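Reading through the structure tokens given below for one structure.
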Amino acid sequence: MSTRFMKQLLICYALAVGLLSGAIGEAATDVVIADFEGANYGGWEVTGNAFGPGPARGALPTQMAVSGFKGNGLVNSFFNGDGSTGTLTSPEFRIECKFISFLIGGGMDASKTCMNLLIRPSLPGASWRNSKMVRNSTGVNNEELVPVAWDVSELIGKTARIQIVDTAVGGWGHINVDQIVQTDSIPPQMLIMNAKREFKIEKNYLNLPIAQKGSAHDVAMLVDGRLEVKNSIILANAAPDWWAFIDVSAWRGKTVTLVVDRLMAESTALSSIEQSDEISGAENLYREPLRGQFHFSSRRGWNNDPNGMVFFNGEYHLFYQHNPYGWSWGNMHWGHAVSPDMVHWQELRDELAPDELGPMFSGSAVVDRKNTSGLGKDGKPPLVLIYTAYGNPATQCIASSTDGRNFAKYSGNPVLKNITGGNRDPKVIWHEPTKTWVMTLFVQVGNVPTIHFLSSPNLKDWTLMSKTDGFHECPDFFELPVDGNAATKKWVITGASSEYMVGAFDGAKFTPETPKLPGHRGLGMGQGFYAAQTFSDIPVSDGRRIQIGWFQTETRGMPFNQSMSIPLELKLIATPDGTRMTWTPVKELASLRAKSHRLDPMTLKPESVNPLADIKAELVELRAEFEPGDANEVVFNVRGATIVYDTKKQELAVNGHRAPAPLRGGKQHLTVFCDRTGLELFVSDGLTYMPMSFQPKADDLSLGMLVKGGSARISALEVHELKSAWNSRNSK
């Protein structure tokens with residue numbers, strides 16, 4: 001990195017904290033811990049050789065220019081270059097003020113080139129060997145010292161020491177420090193480390209101001225002094241772009257403390273946080289311009305993969321990857337929603353939050369009806385979540401609930417230790433013939449993506465059985481009858497891209513009977529629709545295999561982002577090419593029909609009038625059955641989206657994207673669902689499923705149909721104007 005570039009970097013950083021150089025102002029009550037103006041370090045304890053015989057007087061030999069320190073002297077561990085190491089520890093002192101301010105620069109390594117605040121335990125006979133590090137700061141790889149402060153208000157009266165550390169070698173293996181001061185007042189441009197605010201919880205939510213762009217802050221939440229969770233959040237220093245919320249209803253009467261790793265003293269991010277019984281902006285909830293009206297999306301923040309889809313206690317449960325505090329991916333929690341019909345969803349609080357094992361990545365859920373795990377209680381079978389804790393290393397863990405509302409992580413986690421650096425997304429099923437649990441787990445082995453098959457008698461102890469290559473991320477594994485014949489069942493394994501294989505499973509090994517086949521036909525495999533999962537534990541009397549996928553619908557300008565597909569029923573059918581899977585909308589979606597238009601059969605010619613011209617709709621379900629005849633194209637227009645069936649190639653083109661769509665029995669069946677953010681299309685009796693991100697113009701409610709090059713026989717044509725699936729239950 002060039003000297004010129006480094007100079008530009010340090011100038012930008014200094015501007016960010018409000019000044020290019022200068023001293024930290026001292027009030028009358030300030031207590032100077034050290035200004036490093038003497039010839040030596042006085043009573044400070046020195047180890048190693050990094051800090052030299054005493055304070056430096058600026059830059060040391062071969063070092064770039066050092067600036068931003070006060071007076072003549074400073075701590076500079078570049079003595080004899082970056083290869084030297086050591087520590088510098090102050091005499092003990094009593095914390096008397098709200099802040100400890102200082103100037104800091106040098107290398108950016110919070111553990112090897114840093115300054116720490118140590119607190120001696122107050123127990124009788126306790127020594128500094130038992131000290132606890134309570135604050136930490138480092139440089140940002142520049143030689144410009146910048147003003148920083150620690151908020152130590154809760155530590156007033158404690159006995160402390162400052163420890164300056166350089167245990168790094170190589171580039172930027174040094175630390176610069178000056179002017180360490182206890183103070184009750186700091187300039188508004190100063191950067192406060194570990195800024196905090198306490199709340200006595202009396203209401204349901206803390207509303208947080210969020211910015212779409214900017215630097216993320218580490219925000220820790222402590223409940224009665226115990227760390228509950230830490231997230232990376234772009235807090236708004238001024239007017240927020242939108243408000244996120246933390247559900248704190250479980251901690252009524254307790255003290256919740258939010259600690260931000262660094263914050264400008266003038267920032268309003270902490271002071272503007274509101275405690276409320278309402279989500280900020282709730283008056284517009286589910287009415288936002290880009291809110292899908294029959295596709296599930298989270299109230300606030302980002303969602304991606306569906307997780308833990310299960311039927312339990314009479315409800316469909318949808319868990320999902322959720323960033324509650326950002327518009328983009330991050331801070332992976334498990335969001336949670338429930339529904340009586342997979343159409344009308346009620347969002348509940350997040351159930352799995354990042355912990356010491358890592359963020360909460362994808363997984364599955366099962367009802368342990370035989371209580372093999374021992375996690376049931378009072379005769380109630382537990383609902384068990386199986387998930388990846390994606391820390392370093394990534395491991396597989398479980399959590400459980402007997403009511404579907406209150407979940408506890410298993411105290412013996414992880415239940416499956418790390419296999420490789422890329423192991424995640426456990427899908428677990430009960431295999432009745434062998435009376436065991438079977439897990440399919442994505443494991444990256446070198447450059448080869450594999451699915452490992454593991455078994456367990458109790459969801460806690462897992463044994464590897466076999467492997468299948470070729471599938472990447474988020475596996476699903478289930479059995480389906482062929483053509484509805486229960487005597488002819490096949491096993492299906494899918495990956496995140498929705499590619500799948502059909503085959504046999506003996507309880508230990510999957511034997512494919514087909515090559516890997518394409519799943520959805522959206523904008524390329526893995527685009528538009530990803531990481532789909534199916535519900536487990538749907539009653540045998542229902543017998544359906546129902547899938548939901550991550551519908552990749554970007555919603556810029558909204559306080560939420562992405563959504564889920566409509567629920568899809570999966571089947572296996574015999575075709576001339578072999579056994580294939582189909583996707584069709586579930587019957588429950590018919591409950592959204594507000595007004596229906598059914599047209600009589602007709603023969604449509606190029607000169608025919610648009611038969612749908614008089615129908616206007618925002619939320620659309622369109623169904624058509626036709627025989628192409630001698631027409632070259634049968635064309636539909638749904639709110640500006642052009643849908644073309646090429647009769648010669650037997651292909652469907654949607655806004656220019658093409659997919660195979662063979663006739664079935666000489667006819668074509670087309671179903672289209674159009675929402676505010678996307679289209680989902682089904683043709684060839686569900687052999688082709690095309691989910692497409694699409695945002696129609698708000699004022700374009702038009703529908704159309706025409707043919708080109710000849711006539712086509714339309715045997716059935718119906719349009720259903722749909723109502724919103726959101727209702728009052730979602731505002732809880």
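FYI, nothing fancy with the structure tokens labels: chains A, B, ... in order, residues from 1 per chain, ligands from 1 as they appear.
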Would you please give, as a PDB file with N, CA and C atoms, in the first residue's frame, all residues of range 62-295 of chain A that DSSP assigns to helix (DSSP H, G or I) based on the backbone?
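Once everything was written out, this is result35.pdb:
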```pdb
ATOM      1  N   TRP A 128      -4.257  -9.053  40.490  1.00  0.00           N
ATOM      2  CA  TRP A 128      -4.379  -8.675  39.082  1.00  0.00           C
ATOM      3  C   TRP A 128      -4.326  -9.887  38.158  1.00  0.00           C
ATOM      4  N   ARG A 129      -3.858 -11.038  38.686  1.00  0.00           N
ATOM      5  CA  ARG A 129      -3.905 -12.251  37.865  1.00  0.00           C
ATOM      6  C   ARG A 129      -5.340 -12.645  37.537  1.00  0.00           C
ATOM      7  N   ASN A 130      -6.285 -12.171  38.362  1.00  0.00           N
ATOM      8  CA  ASN A 130      -7.702 -12.467  38.151  1.00  0.00           C
ATOM      9  C   ASN A 130      -8.440 -11.301  37.498  1.00  0.00           C
ATOM     10  N   SER A 153     -19.016   4.745  32.844  1.00  0.00           N
ATOM     11  CA  SER A 153     -19.836   5.280  33.927  1.00  0.00           C
ATOM     12  C   SER A 153     -20.257   4.214  34.930  1.00  0.00           C
ATOM     13  N   GLU A 154     -20.494   2.978  34.450  1.00  0.00           N
ATOM     14  CA  GLU A 154     -20.916   1.938  35.398  1.00  0.00           C
ATOM     15  C   GLU A 154     -19.747   1.363  36.192  1.00  0.00           C
ATOM     16  N   LEU A 155     -18.516   1.790  35.852  1.00  0.00           N
ATOM     17  CA  LEU A 155     -17.326   1.271  36.536  1.00  0.00           C
ATOM     18  C   LEU A 155     -16.755   2.243  37.561  1.00  0.00           C
ATOM     19  N   SER A 249     -40.586  -8.089  25.074  1.00  0.00           N
ATOM     20  CA  SER A 249     -41.720  -8.400  25.945  1.00  0.00           C
ATOM     21  C   SER A 249     -41.392  -9.487  26.955  1.00  0.00           C
ATOM     22  N   ALA A 250     -40.448 -10.363  26.622  1.00  0.00           N
ATOM     23  CA  ALA A 250     -40.098 -11.453  27.543  1.00  0.00           C
ATOM     24  C   ALA A 250     -39.321 -10.951  28.753  1.00  0.00           C
ATOM     25  N   TRP A 251     -38.858  -9.697  28.727  1.00  0.00           N
ATOM     26  CA  TRP A 251     -38.015  -9.190  29.811  1.00  0.00           C
ATOM     27  C   TRP A 251     -38.667  -8.033  30.562  1.00  0.00           C
ATOM     28  N   ALA A 282     -46.132   1.070  12.357  1.00  0.00           N
ATOM     29  CA  ALA A 282     -47.099  -0.037  12.281  1.00  0.00           C
ATOM     30  C   ALA A 282     -48.377   0.357  11.558  1.00  0.00           C
ATOM     31  N   GLU A 283     -48.660   1.666  11.494  1.00  0.00           N
ATOM     32  CA  GLU A 283     -49.883   2.094  10.817  1.00  0.00           C
ATOM     33  C   GLU A 283     -49.853   1.782   9.318  1.00  0.00           C
ATOM     34  N   ASN A 284     -48.635   1.596   8.774  1.00  0.00           N
ATOM     35  CA  ASN A 284     -48.517   1.257   7.348  1.00  0.00           C
ATOM     36  C   ASN A 284     -48.159  -0.206   7.110  1.00  0.00           C
TER      37      ASN A 284
END
```
What lies within 10 Å of Asn304 in chain A using only C-alpha atoms, ignoring chain neighbours under 2 positions off, as a compact mmCIF listing (two decimals) with C-alpha atoms, in the first residue's frame?
```txt
# COMPACT_ATOMS: atom_id res chain seq x y z
CA SER A 297 -42.42 -11.29 4.01
CA SER A 298 -41.13 -10.24 7.40
CA TRP A 302 -34.21 -9.09 5.41
CA PRO A 306 -37.23 -20.95 4.70
CA ASN A 307 -36.29 -23.12 7.69
CA TYR A 320 -36.80 -18.48 8.09
CA GLN A 321 -33.41 -16.81 7.85
CA HIS A 322 -33.91 -13.29 9.15
CA ASN A 323 -31.87 -10.14 9.65
CA SER A 328 -29.42 -6.82 3.51
CA TRP A 329 -28.20 -10.25 4.58
CA MET A 332 -28.83 -14.52 10.94
CA SER A 362 -30.55 -22.91 7.93
CA TYR A 530 -33.79 -20.69 -3.85
CA ALA A 531 -33.29 -22.96 -0.84
CA GLY A 549 -38.94 -21.39 -1.42
CA TRP A 550 -37.12 -18.12 -0.91
CA PHE A 551 -38.69 -15.77 -3.51
CA GLN A 552 -35.91 -13.33 -4.38
CA ASN A 561 -36.57 -7.05 1.73
CA GLN A 562 -37.29 -10.39 0.00
CA SER A 563 -40.22 -12.78 0.47
CA MET A 564 -41.37 -16.39 0.22
```
Select from range 411-462 of chain A every residue with an atom at most 8 Å from any atom of range 496-520 of chain A, then for each give the shortest pair of atoms and their distance in Å to one decimal, using only C-alpha atoms, rows by chain and rising number, as JSON lines.
```
{"residue": "A:His431", "atom": "CA", "partner": "A:Gly507", "partner_atom": "CA", "distance": 7.0}
{"residue": "A:Pro433", "atom": "CA", "partner": "A:Gly507", "partner_atom": "CA", "distance": 7.5}
{"residue": "A:Thr434", "atom": "CA", "partner": "A:Gly507", "partner_atom": "CA", "distance": 6.3}
{"residue": "A:Val438", "atom": "CA", "partner": "A:Gly507", "partner_atom": "CA", "distance": 7.9}
{"residue": "A:Phe453", "atom": "CA", "partner": "A:Ala508", "partner_atom": "CA", "distance": 7.1}
{"residue": "A:Leu454", "atom": "CA", "partner": "A:Ala508", "partner_atom": "CA", "distance": 7.9}
{"residue": "A:Ser455", "atom": "CA", "partner": "A:Ala508", "partner_atom": "CA", "distance": 7.9}
```
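Residue nearest Val248 in chain A, chosen from A:Lys203, A:Lys648, A:Lys230, A:Arg120 and counting only C-alpha atoms: A:Lys203.
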- Task: Would you mind listing what lies within 12 Å of Ser608 in chain A as a list in words, with only C-alpha atoms counted and same-chain residues fewer than 5 positions away left out?
- Result: Met602, Thr603, Ala613, Gly704, Met705, Leu706, Val707, Lys708, Gly710, Ser711 and Ala712 of chain A
- Task: Write down as a PyMOL selection string the residues belonging to range 110-266 of chain A that are assigned strand (DSSP E or B) by DSSP computed on the backbone.
- Result: chain A and resi 113-119+132-138+142-151+159-166+175-183+191-200+205-210+217-223+226-233+235+242-247+255-264
Let's have the selection written as an mmCIF file, in the first residue's frame, with C-alpha atoms.
```cif
data_model
loop_
_atom_site.group_PDB
_atom_site.id
_atom_site.type_symbol
_atom_site.label_atom_id
_atom_site.label_comp_id
_atom_site.auth_asym_id
_atom_site.auth_seq_id
_atom_site.Cartn_x
_atom_site.Cartn_y
_atom_site.Cartn_z
ATOM 1 C CA THR A 113 -2.117 -4.181 18.741
ATOM 2 C CA CYS A 114 -4.511 -2.661 21.209
ATOM 3 C CA MET A 115 -5.192 -0.844 24.450
ATOM 4 C CA ASN A 116 -7.214 -2.594 27.163
ATOM 5 C CA LEU A 117 -8.893 -1.500 30.383
ATOM 6 C CA LEU A 118 -8.466 -4.078 33.143
ATOM 7 C CA ILE A 119 -10.562 -4.224 36.317
ATOM 8 C CA LYS A 132 -11.032 -8.801 33.728
ATOM 9 C CA MET A 133 -10.696 -6.899 30.456
ATOM 10 C CA VAL A 134 -13.761 -4.642 30.168
ATOM 11 C CA ARG A 135 -12.776 -2.272 27.349
ATOM 12 C CA ASN A 136 -10.628 -2.590 24.234
ATOM 13 C CA SER A 137 -9.534 -0.326 21.355
ATOM 14 C CA THR A 138 -7.182 -0.572 18.403
ATOM 15 C CA ASN A 142 -2.594 4.475 10.027
ATOM 16 C CA GLU A 143 -0.122 6.686 11.880
ATOM 17 C CA GLU A 144 -2.682 9.410 12.634
ATOM 18 C CA LEU A 145 -3.762 9.252 16.280
ATOM 19 C CA VAL A 146 -7.489 9.960 16.574
ATOM 20 C CA PRO A 147 -9.529 10.860 19.659
ATOM 21 C CA VAL A 148 -11.518 8.031 21.205
ATOM 22 C CA ALA A 149 -13.339 7.584 24.521
ATOM 23 C CA TRP A 150 -14.609 4.685 26.598
ATOM 24 C CA ASP A 151 -17.877 5.091 28.475
ATOM 25 C CA THR A 159 -9.766 -0.233 40.631
ATOM 26 C CA ALA A 160 -8.319 -0.375 37.144
ATOM 27 C CA ARG A 161 -5.165 -0.531 35.027
ATOM 28 C CA ILE A 162 -4.466 0.385 31.418
ATOM 29 C CA GLN A 163 -2.644 -2.238 29.351
ATOM 30 C CA ILE A 164 -1.128 -1.352 25.969
ATOM 31 C CA VAL A 165 -0.342 -4.464 23.925
ATOM 32 C CA ASP A 166 1.884 -5.195 20.930
ATOM 33 C CA ILE A 175 0.350 0.628 18.328
ATOM 34 C CA ASN A 176 0.426 4.391 19.046
ATOM 35 C CA VAL A 177 -1.235 5.887 22.162
ATOM 36 C CA ASP A 178 -1.227 9.274 23.895
ATOM 37 C CA GLN A 179 -3.051 11.504 26.383
ATOM 38 C CA ILE A 180 -5.083 9.072 28.504
ATOM 39 C CA VAL A 181 -7.507 11.126 30.579
ATOM 40 C CA GLN A 182 -10.441 10.557 32.920
ATOM 41 C CA THR A 183 -13.173 13.092 32.149
ATOM 42 C CA LEU A 191 -15.651 8.597 19.009
ATOM 43 C CA ILE A 192 -17.095 6.848 22.072
ATOM 44 C CA MET A 193 -16.281 3.179 22.459
ATOM 45 C CA ASN A 194 -18.900 0.980 24.138
ATOM 46 C CA ALA A 195 -21.523 3.715 24.279
ATOM 47 C CA LYS A 196 -24.583 2.446 26.103
ATOM 48 C CA ARG A 197 -28.133 3.116 27.199
ATOM 49 C CA GLU A 198 -30.255 1.306 29.777
ATOM 50 C CA PHE A 199 -33.994 0.623 29.620
ATOM 51 C CA LYS A 200 -36.266 -0.604 32.383
ATOM 52 C CA TYR A 205 -40.565 -3.200 21.813
ATOM 53 C CA LEU A 206 -37.454 -1.110 21.493
ATOM 54 C CA ASN A 207 -37.615 0.745 18.163
ATOM 55 C CA LEU A 208 -34.179 1.277 16.604
ATOM 56 C CA PRO A 209 -33.330 3.965 13.986
ATOM 57 C CA ILE A 210 -31.807 2.291 10.909
ATOM 58 C CA HIS A 217 -21.946 -0.981 14.574
ATOM 59 C CA ASP A 218 -21.665 -3.973 16.873
ATOM 60 C CA VAL A 219 -24.688 -3.643 19.151
ATOM 61 C CA ALA A 220 -24.748 -5.896 22.194
ATOM 62 C CA MET A 221 -27.910 -6.432 24.204
ATOM 63 C CA LEU A 222 -27.526 -7.299 27.874
ATOM 64 C CA VAL A 223 -30.412 -8.380 30.099
ATOM 65 C CA ARG A 226 -25.899 -10.778 31.021
ATOM 66 C CA LEU A 227 -25.092 -10.754 27.310
ATOM 67 C CA GLU A 228 -28.142 -11.952 25.374
ATOM 68 C CA VAL A 229 -27.080 -11.310 21.767
ATOM 69 C CA LYS A 230 -24.775 -9.172 19.634
ATOM 70 C CA ASN A 231 -25.660 -7.894 16.153
ATOM 71 C CA SER A 232 -24.080 -5.748 13.454
ATOM 72 C CA ILE A 233 -26.426 -2.822 12.767
ATOM 73 C CA LEU A 235 -27.677 2.758 13.215
ATOM 74 C CA TRP A 242 -36.650 3.132 8.664
ATOM 75 C CA TRP A 243 -37.193 1.708 12.127
ATOM 76 C CA ALA A 244 -36.350 -1.825 13.224
ATOM 77 C CA PHE A 245 -37.544 -3.273 16.487
ATOM 78 C CA ILE A 246 -36.392 -5.604 19.241
ATOM 79 C CA ASP A 247 -39.136 -7.632 20.905
ATOM 80 C CA THR A 255 -33.069 -3.932 32.731
ATOM 81 C CA VAL A 256 -32.000 -4.151 29.109
ATOM 82 C CA THR A 257 -28.754 -2.420 28.193
ATOM 83 C CA LEU A 258 -27.747 -1.684 24.611
ATOM 84 C CA VAL A 259 -23.997 -1.271 24.129
ATOM 85 C CA VAL A 260 -22.665 0.126 20.821
ATOM 86 C CA ASP A 261 -19.023 -0.632 20.062
ATOM 87 C CA ARG A 262 -18.291 2.876 18.749
ATOM 88 C CA LEU A 263 -20.427 5.956 18.300
ATOM 89 C CA MET A 264 -19.786 9.642 17.732
#
```
Could you give me, as a tab-separated table, every range 588-669 of chain A residue with an atom at most 6 Å from range 673-679 of chain A, plus its closest atom pair and distance in Å to one decimal, counting only C-alpha atoms, rows ordered by chain then number?
```
residue	atom	partner	partner_atom	distance
A:Leu619	CA	A:Asp675	CA	5.3
A:Val620	CA	A:Cys674	CA	5.0
A:Glu621	CA	A:Phe673	CA	4.7
```
- Skip Val338 in chain A itself and residues of its chain fewer than 5 positions away, then list as number ranges by chain all residues within 7 Å of it, counting only C-alpha atoms. A: 315-318, 345-347
